[in-house]
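As stored in query.cif (mmCIF, C-alpha atoms (C1' of nucleotides)):
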```cif
data_protein
#
loop_
_atom_site.label_atom_id
_atom_site.label_comp_id
_atom_site.auth_asym_id
_atom_site.auth_seq_id
_atom_site.Cartn_x
_atom_site.Cartn_y
_atom_site.Cartn_z
CA MET A 1 -11.00 75.82 10.20
CA SER A 2 -8.17 73.71 11.39
CA SER A 3 -5.13 75.98 11.56
CA ASP A 4 -3.71 76.49 15.00
CA LYS A 5 -2.52 79.95 14.11
CA PRO A 6 -4.76 82.93 13.52
CA HIS A 7 -5.64 83.39 9.91
CA ASP A 8 -6.53 86.33 7.72
CA HIS A 9 -10.24 86.04 7.96
CA GLU A 10 -10.93 88.93 5.60
CA ALA A 11 -9.12 86.97 2.92
CA CYS A 12 -11.04 83.89 3.96
CA ILE A 13 -14.36 85.67 3.39
CA ASP A 14 -13.18 87.19 0.15
CA THR A 15 -12.15 83.81 -1.17
CA ALA A 16 -15.49 82.30 -0.27
CA LEU A 17 -17.43 85.14 -1.89
CA ALA A 18 -15.31 85.06 -5.03
CA ARG A 19 -15.77 81.33 -5.35
CA ALA A 20 -19.51 81.70 -4.81
CA ARG A 21 -19.77 84.34 -7.51
CA SER A 22 -17.80 82.19 -9.88
CA LEU A 23 -19.87 79.08 -9.19
CA CYS A 24 -23.18 80.88 -9.54
CA ASP A 25 -22.03 82.41 -12.77
CA ASP A 26 -21.03 79.01 -14.13
CA ARG A 27 -24.40 77.62 -13.17
CA SER A 28 -26.37 80.59 -14.41
CA VAL A 29 -28.04 81.16 -11.08
CA GLN A 30 -28.29 84.55 -9.46
CA LEU A 31 -26.16 85.44 -6.48
CA THR A 32 -28.28 88.49 -5.77
CA PRO A 33 -27.22 91.24 -3.35
CA ILE A 34 -29.36 89.76 -0.58
CA ARG A 35 -27.98 86.29 -1.10
CA GLU A 36 -24.43 87.54 -1.24
CA LYS A 37 -24.94 89.61 1.88
CA VAL A 38 -26.36 86.60 3.73
CA LEU A 39 -23.43 84.52 2.57
CA ALA A 40 -21.04 87.18 3.83
CA ILE A 41 -22.82 87.27 7.20
CA VAL A 42 -22.59 83.50 7.55
CA TRP A 43 -18.92 83.71 6.69
CA LYS A 44 -18.20 86.40 9.28
CA SER A 45 -16.92 83.68 11.54
CA HIS A 46 -16.27 79.99 11.55
CA LYS A 47 -19.07 79.53 14.00
CA PRO A 48 -22.48 78.34 12.92
CA VAL A 49 -24.92 81.25 12.84
CA GLY A 50 -28.65 81.13 13.57
CA ALA A 51 -31.14 82.34 11.00
CA TYR A 52 -32.44 85.10 13.26
CA GLN A 53 -28.92 86.23 13.98
CA VAL A 54 -28.46 86.53 10.23
CA LEU A 55 -31.72 88.46 10.12
CA ASP A 56 -30.48 90.90 12.75
CA GLU A 57 -27.33 91.60 10.79
CA LEU A 58 -29.08 91.79 7.49
CA SER A 59 -31.60 94.28 8.90
CA ARG A 60 -28.86 96.83 9.42
CA THR A 61 -28.43 97.34 5.71
CA HIS A 62 -31.73 95.99 4.56
CA LYS A 63 -34.64 97.20 6.63
CA ALA A 64 -37.24 95.24 4.70
CA ALA A 65 -35.68 91.95 5.79
CA ARG A 66 -38.05 89.46 7.38
CA PRO A 67 -37.69 85.79 8.27
CA PRO A 68 -38.69 84.58 4.80
CA THR A 69 -36.06 86.86 3.28
CA VAL A 70 -33.38 85.11 5.27
CA TYR A 71 -34.70 81.58 4.94
CA ARG A 72 -35.05 81.94 1.19
CA ALA A 73 -31.48 83.12 0.90
CA LEU A 74 -30.26 80.32 3.17
CA ASP A 75 -32.20 77.74 1.18
CA PHE A 76 -30.65 79.01 -2.01
CA LEU A 77 -27.15 78.92 -0.58
CA ILE A 78 -27.67 75.41 0.74
CA ALA A 79 -29.03 74.23 -2.59
CA GLU A 80 -25.95 75.61 -4.31
CA GLY A 81 -23.68 73.98 -1.77
CA LEU A 82 -22.32 77.28 -0.51
CA ILE A 83 -23.33 76.78 3.10
CA HIS A 84 -24.34 73.89 5.33
CA LYS A 85 -26.98 73.61 7.99
CA ILE A 86 -25.79 72.26 11.32
CA GLU A 87 -28.82 70.28 12.41
CA SER A 88 -27.84 69.84 16.01
CA LEU A 89 -27.60 73.62 16.44
CA ASN A 90 -30.23 74.85 14.00
CA ALA A 91 -27.53 77.05 12.58
CA TYR A 92 -25.69 77.67 9.34
CA LEU A 93 -22.06 77.58 8.36
CA GLY A 94 -20.09 78.59 5.27
CA CYS A 95 -18.88 75.66 3.23
CA GLY A 96 -15.14 75.63 2.75
CA GLU A 97 -15.31 73.15 -0.08
CA ALA A 98 -17.96 74.80 -2.22
CA GLY A 99 -18.01 73.38 -5.71
CA VAL A 100 -16.12 70.25 -4.71
CA PRO A 101 -18.30 67.18 -4.24
CA HIS A 102 -17.93 66.06 -0.65
CA THR A 103 -19.90 64.92 2.32
CA SER A 104 -20.15 67.22 5.24
CA GLN A 105 -18.78 66.15 8.54
CA PHE A 106 -18.36 68.60 11.36
CA LEU A 107 -16.43 68.90 14.57
CA ILE A 108 -18.25 71.41 16.72
CA CYS A 109 -16.60 72.84 19.81
CA ARG A 110 -19.01 73.63 22.60
CA ASP A 111 -16.53 75.98 24.20
CA CYS A 112 -15.39 78.32 21.44
CA GLY A 113 -18.31 77.55 19.17
CA THR A 114 -16.29 76.96 16.04
CA ALA A 115 -17.25 74.20 13.67
CA GLU A 116 -14.62 72.59 11.53
CA GLU A 117 -15.64 70.80 8.38
CA ILE A 118 -13.61 67.67 7.92
CA VAL A 119 -13.28 65.44 4.91
CA ASP A 120 -12.46 61.88 5.77
CA PRO A 121 -12.56 59.29 3.00
CA ALA A 122 -12.34 56.44 5.51
CA LEU A 123 -15.42 57.73 7.29
CA ASP A 124 -17.21 58.09 3.96
CA LYS A 125 -16.28 54.56 3.08
CA ALA A 126 -17.54 53.22 6.38
CA LEU A 127 -20.80 55.08 5.92
CA GLU A 128 -21.17 53.75 2.43
CA ALA A 129 -20.50 50.19 3.56
CA ALA A 130 -23.01 50.47 6.38
CA THR A 131 -25.76 51.87 4.19
CA LYS A 132 -25.07 49.38 1.42
CA ARG A 133 -25.35 46.53 3.88
CA ALA A 134 -28.76 47.84 4.92
CA ARG A 135 -29.67 48.34 1.25
CA PHE A 136 -30.40 51.93 2.10
CA THR A 137 -30.36 54.59 -0.60
CA VAL A 138 -28.61 57.63 0.77
CA GLU A 139 -29.81 61.10 -0.07
CA ARG A 140 -28.39 63.16 2.73
CA LYS A 141 -25.79 62.58 5.43
CA VAL A 142 -25.59 64.39 8.73
CA VAL A 143 -22.42 63.80 10.72
CA GLU A 144 -21.95 66.24 13.58
CA ILE A 145 -19.50 65.57 16.36
CA ALA A 146 -19.77 67.84 19.37
CA GLY A 147 -17.11 68.23 22.03
CA LEU A 148 -13.98 70.23 22.64
CA CYS A 149 -11.52 71.26 19.99
CA ALA A 150 -7.77 70.94 20.46
CA ARG A 151 -7.45 74.55 21.59
CA CYS A 152 -10.27 74.46 24.12
CA VAL A 153 -9.58 71.12 25.72
CA HIS A 154 -6.69 72.42 27.81
CA MET B 1 -35.93 48.14 12.83
CA SER B 2 -34.30 46.02 10.21
CA SER B 3 -36.48 42.94 9.83
CA ASP B 4 -38.11 42.64 6.45
CA LYS B 5 -41.04 40.83 7.91
CA PRO B 6 -43.66 42.40 10.13
CA HIS B 7 -42.88 41.99 13.75
CA ASP B 8 -44.93 41.78 16.90
CA HIS B 9 -44.79 45.38 17.85
CA GLU B 10 -46.72 44.92 21.08
CA ALA B 11 -43.95 42.62 22.22
CA CYS B 12 -41.43 45.15 21.01
CA ILE B 13 -42.97 47.87 23.17
CA ASP B 14 -43.29 45.54 26.14
CA THR B 15 -39.64 44.58 25.90
CA ALA B 16 -38.58 48.21 25.76
CA LEU B 17 -40.73 49.14 28.75
CA ALA B 18 -39.56 46.17 30.77
CA ARG B 19 -35.94 46.98 30.03
CA ALA B 20 -36.55 50.60 30.96
CA ARG B 21 -38.12 49.65 34.30
CA SER B 22 -35.26 47.32 35.02
CA LEU B 23 -32.60 49.89 34.12
CA CYS B 24 -34.21 52.65 36.15
CA ASP B 25 -34.55 50.34 39.09
CA ASP B 26 -30.86 49.42 38.86
CA ARG B 27 -29.92 53.06 38.74
CA SER B 28 -32.31 54.14 41.47
CA VAL B 29 -34.00 56.69 39.27
CA GLN B 30 -37.74 57.03 39.00
CA LEU B 31 -39.55 55.86 35.93
CA THR B 32 -42.70 57.68 36.98
CA PRO B 33 -46.08 57.10 35.33
CA ILE B 34 -45.67 60.18 33.14
CA ARG B 35 -42.21 59.17 32.03
CA GLU B 36 -43.31 55.62 31.34
CA LYS B 37 -46.31 56.83 29.39
CA VAL B 38 -44.13 59.13 27.29
CA LEU B 39 -41.73 56.27 26.65
CA ALA B 40 -44.63 54.09 25.55
CA ILE B 41 -45.88 56.81 23.21
CA VAL B 42 -42.45 57.19 21.64
CA TRP B 43 -42.30 53.43 21.21
CA LYS B 44 -45.71 53.23 19.51
CA SER B 45 -43.89 53.10 16.20
CA HIS B 46 -40.41 52.95 14.82
CA LYS B 47 -40.83 56.43 13.44
CA PRO B 48 -39.39 59.45 15.19
CA VAL B 49 -42.14 61.33 17.03
CA GLY B 50 -42.31 65.06 17.61
CA ALA B 51 -42.65 66.45 21.12
CA TYR B 52 -46.03 68.03 20.41
CA GLN B 53 -47.28 64.79 18.94
CA VAL B 54 -46.28 63.15 22.21
CA LEU B 55 -48.11 65.94 24.00
CA ASP B 56 -51.29 65.29 22.01
CA GLU B 57 -51.22 61.61 22.91
CA LEU B 58 -50.31 62.22 26.49
CA SER B 59 -53.15 64.72 26.87
CA ARG B 60 -55.68 61.97 26.28
CA THR B 61 -54.90 60.33 29.58
CA HIS B 62 -53.29 63.23 31.30
CA LYS B 63 -55.17 66.48 30.84
CA ALA B 64 -52.72 68.57 32.83
CA ALA B 65 -49.97 67.86 30.31
CA ARG B 66 -48.21 70.92 28.91
CA PRO B 67 -45.03 71.32 26.85
CA PRO B 68 -42.75 71.30 29.91
CA THR B 69 -44.35 68.06 31.07
CA VAL B 70 -43.34 66.40 27.84
CA TYR B 71 -39.93 67.98 27.47
CA ARG B 72 -39.01 67.07 31.04
CA ALA B 73 -39.97 63.48 30.43
CA LEU B 74 -38.09 63.41 27.13
CA ASP B 75 -35.01 64.93 28.77
CA PHE B 76 -35.10 62.29 31.48
CA LEU B 77 -35.47 59.47 28.96
CA ILE B 78 -32.60 60.82 26.86
CA ALA B 79 -30.39 61.20 29.93
CA GLU B 80 -31.07 57.57 30.83
CA GLY B 81 -30.36 56.45 27.28
CA LEU B 82 -33.88 55.16 26.73
CA ILE B 83 -34.64 57.32 23.74
CA HIS B 84 -32.68 59.33 21.20
CA LYS B 85 -33.34 62.69 19.65
CA ILE B 86 -33.16 62.80 15.88
CA GLU B 87 -31.67 66.24 15.32
CA SER B 88 -32.47 66.52 11.65
CA LEU B 89 -36.16 65.97 12.37
CA ASN B 90 -36.55 67.51 15.81
CA ALA B 91 -38.12 64.24 16.83
CA TYR B 92 -37.61 61.40 19.27
CA LEU B 93 -37.13 57.67 18.87
CA GLY B 94 -37.02 54.73 21.23
CA CYS B 95 -33.56 53.32 21.74
CA GLY B 96 -33.33 49.65 20.89
CA GLU B 97 -30.03 49.23 22.67
CA ALA B 98 -30.89 50.83 25.98
CA GLY B 99 -28.38 49.93 28.64
CA VAL B 100 -25.76 48.86 26.14
CA PRO B 101 -23.06 51.44 25.50
CA HIS B 102 -23.21 52.38 21.85
CA THR B 103 -23.14 55.31 19.54
CA SER B 104 -26.30 56.19 17.77
CA GLN B 105 -26.40 56.07 14.03
CA PHE B 106 -29.65 56.27 12.14
CA LEU B 107 -30.99 55.43 8.73
CA ILE B 108 -34.10 57.53 8.22
CA CYS B 109 -36.47 56.79 5.35
CA ARG B 110 -38.14 59.87 3.96
CA ASP B 111 -40.89 57.77 2.43
CA CYS B 112 -42.15 55.53 5.22
CA GLY B 113 -40.68 57.63 7.99
CA THR B 114 -39.08 54.79 9.89
CA ALA B 115 -35.69 55.26 11.46
CA GLU B 116 -33.44 52.31 11.97
CA GLU B 117 -30.72 52.48 14.56
CA ILE B 118 -27.59 50.81 13.29
CA VAL B 119 -24.49 49.81 15.16
CA ASP B 120 -21.41 49.73 13.03
CA PRO B 121 -18.03 49.27 14.72
CA ALA B 122 -16.19 50.19 11.50
CA LEU B 123 -18.02 53.48 11.37
CA ASP B 124 -17.26 54.07 15.02
CA LYS B 125 -13.63 53.35 14.39
CA ALA B 126 -13.48 55.73 11.45
CA LEU B 127 -15.10 58.44 13.56
CA GLU B 128 -12.67 57.85 16.35
CA ALA B 129 -9.70 58.00 13.99
CA ALA B 130 -10.92 61.21 12.42
CA THR B 131 -11.52 62.97 15.72
CA LYS B 132 -8.25 61.73 17.14
CA ARG B 133 -6.39 63.11 14.16
CA ALA B 134 -7.98 66.50 14.79
CA ARG B 135 -7.21 66.16 18.51
CA PHE B 136 -10.89 66.67 19.13
CA THR B 137 -12.47 65.50 22.38
CA VAL B 138 -15.79 63.90 21.54
CA GLU B 139 -18.78 64.35 23.78
CA ARG B 140 -21.66 63.67 21.48
CA LYS B 141 -22.03 62.12 18.03
CA VAL B 142 -24.85 62.75 15.60
CA VAL B 143 -24.96 60.47 12.58
CA GLU B 144 -28.21 60.63 10.67
CA ILE B 145 -28.48 59.30 7.14
CA ALA B 146 -31.62 60.24 5.26
CA GLY B 147 -32.86 58.53 2.14
CA LEU B 148 -34.94 55.55 1.14
CA CYS B 149 -35.01 52.26 2.98
CA ALA B 150 -34.83 48.92 1.21
CA ARG B 151 -38.60 48.56 1.22
CA CYS B 152 -39.38 52.03 -0.10
CA VAL B 153 -36.75 52.29 -2.80
CA HIS B 154 -38.64 50.07 -5.25
"C1'" DG C 1 -43.41 68.43 62.81
"C1'" DG C 2 -40.49 70.42 59.70
"C1'" DC C 3 -36.88 70.11 56.22
"C1'" DG C 4 -34.93 68.77 51.75
"C1'" DC C 5 -35.40 67.06 47.39
"C1'" DG C 6 -37.29 65.28 43.28
"C1'" DT C 7 -41.30 65.70 40.53
"C1'" DT C 8 -45.14 67.91 38.56
"C1'" DG C 9 -48.35 72.03 37.74
"C1'" DT C 10 -48.94 76.50 35.64
"C1'" DT C 11 -48.30 80.61 33.02
"C1'" DA C 12 -45.85 82.92 29.95
"C1'" DT C 13 -42.50 83.58 26.56
"C1'" DG C 14 -38.55 82.65 23.47
"C1'" DT C 15 -36.75 80.50 19.21
"C1'" DT C 16 -37.00 78.48 14.74
"C1'" DG C 17 -39.32 77.91 10.44
"C1'" DT C 18 -43.44 78.21 6.77
"C1'" DA C 19 -47.67 79.44 4.20
"C1'" DT C 20 -49.68 82.61 1.35
"C1'" DC C 21 -50.44 86.19 -1.58
"C1'" DA C 22 -48.89 90.71 -3.44
"C1'" DT C 23 -45.37 93.31 -5.87
"C1'" DT C 24 -41.31 94.28 -8.54
"C1'" DC C 25 -38.15 93.80 -12.19
"C1'" DG C 26 -35.74 92.30 -16.12
"C1'" DA C 27 -35.42 89.13 -20.39
"C1'" DG C 28 -37.41 87.74 -24.49
"C1'" DC C 29 -40.87 88.52 -27.90
"C1'" DC C 30 -44.35 90.61 -31.06
"C1'" DG D 1 -43.37 100.51 -27.23
"C1'" DG D 2 -46.21 97.20 -24.91
"C1'" DC D 3 -46.69 92.04 -23.45
"C1'" DT D 4 -45.95 88.24 -20.93
"C1'" DC D 5 -43.41 85.16 -18.16
"C1'" DG D 6 -40.63 83.76 -14.48
"C1'" DA D 7 -37.42 84.61 -10.78
"C1'" DA D 8 -36.86 87.26 -6.76
"C1'" DT D 9 -38.49 89.97 -3.09
"C1'" DG D 10 -42.05 92.29 0.08
"C1'" DA D 11 -45.37 91.69 3.60
"C1'" DT D 12 -48.52 89.56 6.91
"C1'" DA D 13 -49.62 85.98 9.53
"C1'" DC D 14 -48.98 81.77 11.71
"C1'" DA D 15 -47.08 77.03 12.84
"C1'" DA D 16 -43.77 74.24 15.18
"C1'" DC D 17 -40.31 73.55 18.56
"C1'" DA D 18 -38.47 74.62 23.13
"C1'" DT D 19 -37.53 76.91 27.70
"C1'" DA D 20 -37.87 80.23 31.87
"C1'" DA D 21 -39.59 80.89 36.21
"C1'" DC D 22 -42.04 80.09 40.13
"C1'" DA D 23 -45.64 77.46 42.75
"C1'" DA D 24 -47.26 73.26 44.73
"C1'" DC D 25 -47.16 68.50 45.98
"C1'" DG D 26 -45.46 64.22 48.15
"C1'" DC D 27 -42.36 61.49 50.51
"C1'" DG D 28 -38.38 60.03 53.19
"C1'" DC D 29 -35.77 61.39 57.08
"C1'" DC D 30 -34.03 63.50 61.27
#
```

Whole structure given in structure tokens:
Amino acid sequence: MSSDKPHDHEACIDTALARARSLCDDRSVQLTPIREKVLAIVWKSHKPVGAYQVLDELSRTHKAARPPTVYRALDFLIAEGLIHKIESLNAYLGCGEAGVPHTSQFLICRDCGTAEEIVDPALDKALEAATKRARFTVERKVVEIAGLCARCVH
Amino acid sequence: MSSDKPHDHEACIDTALARARSLCDDRSVQLTPIREKVLAIVWKSHKPVGAYQVLDELSRTHKAARPPTVYRALDFLIAEGLIHKIESLNAYLGCGEAGVPHTSQFLICRDCGTAEEIVDPALDKALEAATKRARFTVERKVVEIAGLCARCVH
DNA sequence: GGCGCGTTGTTATGTTGTATCATTCGAGCC
DNA sequence: GGCTCGAATGATACAACATAACAACGCGCC
């Protein structure tokens, strides 16, 4: 997230969950309790979360949870565009633009650990131009910028 | 690589190794036999290579090789800018622009497996503008586009 | 000769992700 | 009611990727 002031993160989670429920309903796919719980865990912060960290949390309420439980839920959520995988961290992050077509670009702070999803049409355009020039058919874009966010650079 | 015609890959490897030797010499760092061998293995193709695949190859001539052997060599080569890590594949690729400051952007074909390193000033500029706007201090950029290359799309 | 430092050897372990098959459960149908 | 089918989950095992920690070696240098 980009706000410089603290935000009501409970509301933030609630919004994300409500939107997820609505989207899954529209698409006639099942946001099961496990999937919803995993989504909530990922949304607990704006920091990318590892799959085994999700597993730890999930285990508290769901003793049967095993790695495949988590990975299946994560795969579902990614397929539905509700979360993103941060490749450079092997971690997962709630998508703030779920349901809106967009490409994912991230600013990841190595100090506070937060990852901000940015939407930059100019960057998209540059990417498109570059791939078109190479006659490359794009299926997936990974843009992950690591460094220090505005708050941590001081 | 971007050429549509086959190229002399032996020459390609030789060039990369020669440049690496020259750069390491300039910098007074040691391109030891293990490191050079690992670099040669990575350069055997223009496809990203996994660390354990490197280990398999290295083991043929170097029986003592273990995971740390390989990862130390890879870390050295990355630090010297001689190879890149492709985060979305957990694999490593020879850098065609070693010694020249540049940001790494890759077009990765899911069909033939080749990864082409592109240099696109417009893309760089867009990235810079986006991060500047967010007052984000960049340390590392990961741009990896997956899809189908011009040869495989047909 | 002994010290410091960079490199490699060695063993063990940590972290991330999948394969495979069994089981459950609800919707639609006869 | 009993069937079947498919989606989701349970359960076990394993594969793939990466690092920790300490020992040993070799070489330049005082």

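Considering only C-alpha atoms, the residue among B:Val143, B:Arg133, B:Pro67, B:His7 positioned nearest to Ser45 of chain B is B:His7.
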
Quick one: which chain A residues come within 9 Å of chain C, and what is the nearest atom pair for each with the distance in Å to one decimal, counting only C-alpha atoms (C1' of nucleotides), rows ordered by chain and ascending number, as CSV?
```
residue,atom,partner,partner_atom,distance
A:Gly50,CA,C:DT16,C1',8.8
A:Ala51,CA,C:DT16,C1',8.0
A:Tyr52,CA,C:DT16,C1',8.2
A:Pro67,CA,C:DG17,C1',8.3
A:Pro68,CA,C:DT18,C1',8.2
A:Tyr71,CA,C:DG17,C1',8.1
A:Asn90,CA,C:DT16,C1',7.7
```

Specify the axis-aligned box that encloses all atoms of segment 98-110 of chain A listed in the file after padding of 4 Å on each side, stating its centre and edge lengths in Å to one decimal as AutoDock Vina command-line options.
```
--center_x -18.1 --center_y 69.9 --center_z 8.4 --size_x 12.0 --size_y 17.9 --size_z 36.3
```

Please, which residues in chain B fall within 7 Å of chain A when counting all atoms listed in the file, and what is the closest atom pair and distance in Å to one decimal for each, ordered by chain then residue number, as JSON lines?
```
{"residue": "B:Glu87", "atom": "CA", "partner": "A:Ser88", "partner_atom": "CA", "distance": 5.3}
{"residue": "B:Ser88", "atom": "CA", "partner": "A:Glu87", "partner_atom": "CA", "distance": 5.3}
{"residue": "B:Asp120", "atom": "CA", "partner": "A:Ala130", "partner_atom": "CA", "distance": 6.9}
{"residue": "B:Ala122", "atom": "CA", "partner": "A:Ala126", "partner_atom": "CA", "distance": 6.1}
{"residue": "B:Leu123", "atom": "CA", "partner": "A:Ala126", "partner_atom": "CA", "distance": 5.0}
{"residue": "B:Ala126", "atom": "CA", "partner": "A:Leu123", "partner_atom": "CA", "distance": 5.0}
{"residue": "B:Leu127", "atom": "CA", "partner": "A:Leu123", "partner_atom": "CA", "distance": 6.3}
{"residue": "B:Ala130", "atom": "CA", "partner": "A:Asp120", "partner_atom": "CA", "distance": 6.9}
{"residue": "B:Arg135", "atom": "CA", "partner": "A:Ala150", "partner_atom": "CA", "distance": 5.2}
{"residue": "B:Phe136", "atom": "CA", "partner": "A:Cys149", "partner_atom": "CA", "distance": 4.7}
{"residue": "B:Thr137", "atom": "CA", "partner": "A:Leu148", "partner_atom": "CA", "distance": 5.0}
{"residue": "B:Val138", "atom": "CA", "partner": "A:Gly147", "partner_atom": "CA", "distance": 4.6}
{"residue": "B:Glu139", "atom": "CA", "partner": "A:Gly147", "partner_atom": "CA", "distance": 4.6}
{"residue": "B:Arg140", "atom": "CA", "partner": "A:Ala146", "partner_atom": "CA", "distance": 5.0}
{"residue": "B:Lys141", "atom": "CA", "partner": "A:Ile145", "partner_atom": "CA", "distance": 4.6}
{"residue": "B:Val142", "atom": "CA", "partner": "A:Glu144", "partner_atom": "CA", "distance": 5.0}
{"residue": "B:Val143", "atom": "CA", "partner": "A:Val143", "partner_atom": "CA", "distance": 4.6}
{"residue": "B:Glu144", "atom": "CA", "partner": "A:Val142", "partner_atom": "CA", "distance": 5.0}
{"residue": "B:Ile145", "atom": "CA", "partner": "A:Lys141", "partner_atom": "CA", "distance": 4.6}
{"residue": "B:Ala146", "atom": "CA", "partner": "A:Arg140", "partner_atom": "CA", "distance": 5.0}
{"residue": "B:Gly147", "atom": "CA", "partner": "A:Val138", "partner_atom": "CA", "distance": 4.6}
{"residue": "B:Leu148", "atom": "CA", "partner": "A:Thr137", "partner_atom": "CA", "distance": 5.0}
{"residue": "B:Cys149", "atom": "CA", "partner": "A:Phe136", "partner_atom": "CA", "distance": 4.7}
{"residue": "B:Ala150", "atom": "CA", "partner": "A:Arg135", "partner_atom": "CA", "distance": 5.2}
```

Write out as a PyMOL selection string the residues lying within 8 Å of Val54 of chain B, counting all atoms listed in the file and excluding same-chain residues fewer than 3 positions away. chain B and resi 38+41-42+49-51+57-58+70

At a cut-off of 9 Å, can you tabulate as JSON lines every residue of chain D near chain A together with its closest atom pair and the distance in Å to one decimal, using all atoms listed in the file and ordering rows by chain then number?
```
{"residue": "D:DA8", "atom": "C1'", "partner": "A:Thr32", "partner_atom": "CA", "distance": 8.7}
{"residue": "D:DT9", "atom": "C1'", "partner": "A:Thr69", "partner_atom": "CA", "distance": 7.5}
{"residue": "D:DG10", "atom": "C1'", "partner": "A:Ala64", "partner_atom": "CA", "distance": 7.3}
{"residue": "D:DA11", "atom": "C1'", "partner": "A:Arg66", "partner_atom": "CA", "distance": 8.5}
```

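Straight-line separation from atom CA of Tyr92 of chain A to atom C1' of DA18 of chain D: 19.0 Å.
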
Atom pair atom CA of Cys95 of chain B / atom CA of Thr61 of chain B: separation (Å): 23.8 Å

Contact residues around Ala40 of chain B with all atoms listed in the file at 12 Å, ignoring same-chain residues under 6 positions, as a PyMOL selection string: chain B and resi 9-18+20-21+31+33-34+46+49+54+57-58+73-74+77+82-83+92-95
